[in-house]
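Colleague: My questions will all concern the structure given below.
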Number of protein chains: 2
Amino acid sequence: MRATLIHGERDIRFEQVTDPILRGPTDAVVRVVASCVCGSDLWPYRGVRPTEEPHRIGHEFIGVVEEAGADVRTVAAGDFVIAPFAISDGTCRHCRHGITSACEHGGFWGEPDENGLPVDGGQGEWVRVPLADGTLVAAPSPDPAQIPALLTLTDVMGTGHHAAVCAKVGAGSTVAVIGDGAVGLCAMLAAQRLGAERIIAMSRRPDRQQLARAFGATDVVAERGADGVLAVTDLLGGIGADAALECVGTKESMRQAVDCTRPGGTVGYVGVPAGGPVLPIGYLFSKNIGVVGGVAPVRTYLPELLSDVLAGDLEPGRVFDLELPLDQVADAYAAMDERRAIKVLLRPAS
Amino acid sequence: MRATLIHGERDIRFEQVTDPILRGPTDAVVRVVASCVCGSDLWPYRGVRPTEEPHRIGHEFIGVVEEAGADVRTVAAGDFVIAPFAISDGTCRHCRHGITSACEHGGFWGEPDENGLPVDGGQGEWVRVPLADGTLVAAPSPDPAQIPALLTLTDVMGTGHHAAVCAKVGAGSTVAVIGDGAVGLCAMLAAQRLGAERIIAMSRRPDRQQLARAFGATDVVAERGADGVLAVTDLLGGIGADAALECVGTKESMRQAVDCTRPGGTVGYVGVPAGGPVLPIGYLFSKNIGVVGGVAPVRTYLPELLSDVLAGDLEPGRVFDLELPLDQVADAYAAMDERRAIKVLLRPAS
């Protein structure tokens, strides 16, 4: 089969690799129907995180089970499945608490599994899935129009939802969303779904502002820094928001989130910390602002969000504004890197 | 009247000062029945925070209203009252969210009020109380035996409760408490009251270990650092606690709290950050550990906790293990500084 490898900065190649096979009784092999590029894939692409040696990449895919190991119970050959961005057994102590992203036996696509065996990346034609029962979620064979929405459930929609859940967004909440990428946009949709009354999108790009409004933003603030904070508090009658959803991961965006939060409010953060955000503990203490978040346990949220997508009540698919054949994956990275696309959907040739 | 002033490092004096009078229609004047010394009073006492010039000190007192301003509605002359450690109006936007410690018009004992007028410290014979309706809580005239318990409601019991609430302690929770001072001990009591199943006290002093067990600790861990974390996780079947209650405020105690928390758990922190705790954001992110806390909104919790104290269901009074006349306040500081006492109750001569 063919799969995507990153060889170094701005060097993405779609290459011939070994076909995956079952390596154990809890494995499944999945034929990828759709995959995509994540904002976090851009860190190694841009060289911010160095690539020591070529390796598989991509952690978001949906597909069809081709073969399932003898011990796999919940999915079978022919099933349409959604794969969250983390592998999890669903039974360990952390999974039982719902934190599947910290599974004691889990791992991540493109990295060795707990037995040291290589796991395929998501931007390929096939993927060996370890711990298939814990990891995969079966869904009815979808209408082609549902593919984008279902694909968001592998990461960005669940991650945006996690930010909102961590920040205790609920009926009547006021919410500021920092970040207008796919995760930030999904966080707006999640906040709306959870009943937020005001959703302030912090975005300066007209196309994303428009999508933000379609995803539930009641207001848009284009300013950043102190001016952005002032604009948010002006909209909210002079105080910060109940919840700030940090969906970027830089020092500046975390500070923006903290400063947009009212005393007693919560920052829900899902942006992978890059550039070493330092939390201003003295300020957080004086204002009783909580900071809650992390690697989203997307698997835990999947059944609930899938149900809404299938019912047509949740439509996050519009975060994909470009679609390319999988063999043009390098172009997909370039389009996202150059901000020509919010998020690119990739389909293997059928 | 006489009141306590701090003049500098280890220099506490009980001196003649001006009698307080009503300065406005929302003021009350309270005759102090009991006061005490807080762990946070030891920071200036020890010179960790420098004292620029002599000033009033003390922020915990209960007493009887002597005179109330024309606009005061909820308390009247002769009422027994409890004064939380922060002044609050009860009506501003932050108070309406329950964060009375961030009141837009409030302040703290011994500091100027919002009009710039001096406010008395709590370790004195009388105190002018600004914003009396928002700040004070009336209680039935107490049995003398209830005085210590009622006095804890001004700060340490409400603060320990805040740590537990912030860390989402509830029925069945596993809890590690970092700090065996009065706040830490009250946090154990709060965790027990909220239904925690396991409460692990981290304490190395036998007298405090004993009180910890009386306050609901199911286990005691004397080790600190990595050994302490190992002992906690051993007790909990190999993972951290659902909740860690940080009741000290140092860099080491915050790290201890973070390391004792399981993925998806929460650190509830109420120790005033001293020595610049730096939160390990990358670790918190990878483990989904939330950090929530701050200056406790004791006023918000007071009615609920008072009700339990009056019913005899909550008995935090034992944190006071020494009682002195108010004019021996300097000895009280020394006793706490030298760890001869957990917390000292002070009574003005009647």
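The way I read the labels, and the way they are meant: chains A, B, ... in the order of the structure tokens, residue 1 as the first residue of every chain, and ligand 1 as the first ligand shown, with later ones counted on from there.
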Can you tell me, as a VMD selection string, what residues are no more than 8 Å from A:Gly294 when counting only C-alpha atoms, ignoring any on the same chain fewer than 5 positions away?

Modeller: (chain A and resid 269 to 272) or (chain B and resid 284 to 289)

Colleague: Using only C-alpha atoms, which chain B residues lie at most 10 Å away from chain A, written as a ChimeraX atom specification?

Modeller: /B:93-95,97-103,166,237-239,242,262-274,276-297

Colleague: Next, dump the selected residues to file, keeping only C-alpha atoms, as a compact mmCIF listing (two decimals), in the first residue's frame.

Modeller:
# COMPACT_ATOMS: atom_id res chain seq x y z
CA ARG B 93 -21.24 41.15 39.29
CA HIS B 94 -18.56 38.99 40.89
CA CYS B 95 -20.51 38.55 44.14
CA HIS B 97 -21.36 34.77 40.61
CA GLY B 98 -20.40 33.75 44.15
CA ILE B 99 -16.85 35.11 43.97
CA THR B 100 -17.21 37.48 46.92
CA SER B 101 -13.43 37.53 47.35
CA ALA B 102 -13.23 39.48 44.06
CA CYS B 103 -15.99 41.96 45.01
CA CYS B 166 -12.67 23.49 43.32
CA GLY B 237 -4.15 0.88 43.58
CA GLY B 238 -1.43 2.40 41.46
CA ILE B 239 -2.95 5.67 40.27
CA ASP B 242 -9.22 12.12 41.90
CA ARG B 262 -4.57 10.97 38.46
CA PRO B 263 -5.09 11.81 34.78
CA GLY B 264 -8.37 13.69 34.53
CA GLY B 265 -8.25 14.70 38.19
CA THR B 266 -8.12 18.19 39.66
CA VAL B 267 -5.81 20.09 41.97
CA GLY B 268 -7.87 22.40 44.21
CA TYR B 269 -5.45 25.01 45.54
CA VAL B 270 -5.93 27.55 48.28
CA GLY B 271 -2.39 27.99 49.56
CA VAL B 272 -1.40 31.61 48.86
CA PRO B 273 1.23 31.20 46.12
CA ALA B 274 4.57 32.02 47.74
CA GLY B 276 6.56 31.41 42.77
CA PRO B 277 4.97 28.04 42.01
CA VAL B 278 5.40 27.33 38.31
CA LEU B 279 2.75 25.04 36.88
CA PRO B 280 4.18 22.30 34.63
CA ILE B 281 1.85 23.03 31.71
CA GLY B 282 3.16 20.28 29.44
CA TYR B 283 2.61 17.65 32.13
CA LEU B 284 -0.82 19.02 33.09
CA PHE B 285 -1.81 18.93 29.41
CA SER B 286 -0.59 15.39 28.83
CA LYS B 287 -2.48 14.15 31.90
CA ASN B 288 -5.58 16.34 31.72
CA ILE B 289 -5.02 17.54 35.27
CA GLY B 290 -6.98 20.70 36.05
CA VAL B 291 -5.76 23.39 38.44
CA VAL B 292 -8.58 25.32 40.08
CA GLY B 293 -8.58 27.51 43.15
CA GLY B 294 -7.81 30.89 44.60
CA VAL B 295 -8.81 33.26 47.36
CA ALA B 296 -11.76 31.45 48.91
CA PRO B 297 -15.15 33.20 48.64

Colleague: Pick out the residues sitting within 6 Å of stretch 189-192 of chain A, and hand them over as a ChimeraX atom specification; count only C-alpha atoms, and ignore anything fewer than 6 positions along from it in its own chain.

Modeller: /A:161,164,215-216

Colleague: Which polymer residues have any atom within 8 Å of an atom of A:Val32, counting only C-alpha atoms, with same-chain residues fewer than 6 positions away left out, as a list in words?

Modeller: Phe61, Ile62, Gly63, Val64, Gly122, Gly124, Glu125, Trp126, Val127 and Pro348 of chain A

Colleague: What lies within 7 Å of A:Ala244 using only C-alpha atoms, ignoring chain neighbours under 3 positions off, as JSON, numbers by chain?

Modeller: {"A": [175, 176, 177, 241, 257, 260, 261, 266, 267, 268]}

Colleague: Output the selection as an mmCIF file, in the first residue's frame - C-alpha atoms for each residue.

Modeller:
data_model
loop_
_atom_site.group_PDB
_atom_site.id
_atom_site.type_symbol
_atom_site.label_atom_id
_atom_site.label_comp_id
_atom_site.auth_asym_id
_atom_site.auth_seq_id
_atom_site.Cartn_x
_atom_site.Cartn_y
_atom_site.Cartn_z
ATOM 1 C CA VAL A 175 -17.797 32.036 26.153
ATOM 2 C CA ALA A 176 -14.732 33.507 24.451
ATOM 3 C CA VAL A 177 -12.992 31.273 21.921
ATOM 4 C CA ALA A 241 -16.458 35.488 30.081
ATOM 5 C CA ALA A 257 -7.663 33.249 27.362
ATOM 6 C CA CYS A 260 -10.755 37.149 28.879
ATOM 7 C CA THR A 261 -12.071 35.089 31.823
ATOM 8 C CA THR A 266 -12.493 28.653 33.738
ATOM 9 C CA VAL A 267 -10.033 28.429 30.885
ATOM 10 C CA GLY A 268 -10.623 25.200 28.950
#

Colleague: Quote the spacing between atom CA of A:Pro142 and atom CA of A:Ala349 in Å to one decimal place.

Modeller: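 Atom CA of A:Pro142 sits 17.9 Å away from atom CA of A:Ala349.
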
Colleague: So how many Å separate atom CA of A:Ile200 and atom CA of A:Gly317, to one decimal?

Modeller: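 Rounded to one decimal, the two atoms are 20.8 Å apart.
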
Colleague: Please indicate the distance in Å from atom CA of B:Gly160 to atom CA of B:Val29, rounded to one decimal place.

Modeller: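 Between atom CA of B:Gly160 and atom CA of B:Val29 the gap works out to 28.2 Å.
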
Colleague: Please identify the strand (DSSP E) residues within stretch 233-274 of chain A (assignment by DSSP from backbone atoms) and present them as JSON, numbers by chain.

Modeller: {"A": [241, 242, 243, 244, 245, 246, 261, 262, 263, 264, 265, 266, 267, 268, 269]}

Colleague: Once you have the residues from the selection above, write them out as a PDB file, in the first residue's frame, restricted to C-alpha atoms.

Modeller:
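So the final result, stored in part_14.pdb, reads:
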ATOM      1  CA  ALA A 241     -16.458  35.488  30.081  1.00  0.00           C
ATOM      2  CA  ASP A 242     -17.558  32.551  32.202  1.00  0.00           C
ATOM      3  CA  ALA A 243     -15.394  30.353  29.986  1.00  0.00           C
ATOM      4  CA  ALA A 244     -12.476  30.936  27.653  1.00  0.00           C
ATOM      5  CA  LEU A 245     -11.640  28.144  25.227  1.00  0.00           C
ATOM      6  CA  GLU A 246      -7.930  28.169  24.367  1.00  0.00           C
ATOM      7  CA  THR A 261     -12.071  35.089  31.823  1.00  0.00           C
ATOM      8  CA  ARG A 262     -14.056  36.568  34.720  1.00  0.00           C
ATOM      9  CA  PRO A 263     -13.191  35.860  38.351  1.00  0.00           C
ATOM     10  CA  GLY A 264     -14.468  32.369  39.125  1.00  0.00           C
ATOM     11  CA  GLY A 265     -14.471  31.398  35.449  1.00  0.00           C
ATOM     12  CA  THR A 266     -12.493  28.653  33.738  1.00  0.00           C
ATOM     13  CA  VAL A 267     -10.033  28.429  30.885  1.00  0.00           C
ATOM     14  CA  GLY A 268     -10.623  25.200  28.950  1.00  0.00           C
ATOM     15  CA  TYR A 269      -7.441  24.566  26.969  1.00  0.00           C
TER      16      TYR A 269
END

Colleague: Could you tell me, as JSON, numbers by chain, which residues of stretch 33-265 of chain A DSSP assigns to helix (DSSP H, G or I) when given the backbone?

Modeller: {"A": [39, 40, 41, 42, 43, 44, 45, 93, 94, 95, 96, 100, 101, 102, 132, 133, 134, 135, 144, 145, 146, 147, 148, 149, 150, 151, 152, 156, 157, 158, 159, 160, 161, 162, 163, 164, 165, 166, 182, 183, 184, 185, 186, 187, 188, 189, 190, 191, 192, 193, 206, 207, 208, 209, 210, 211, 212, 213, 214, 225, 226, 227, 228, 229, 230, 231, 232, 233, 234, 235, 251, 252, 253, 254, 255, 256, 257, 258, 259]}

Colleague: Set the distance at 10 Å and use only C-alpha atoms: which residues neighbour A:Glu323 once local chain neighbours fewer than 4 positions away are removed? I'd like the list as a list in words.

Modeller: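 My list of contacting residues is Cys36, Pro148, Gln328, Ala332, Ala341, Lys343, Val344, Leu345, Leu346 and Arg347 of chain A.
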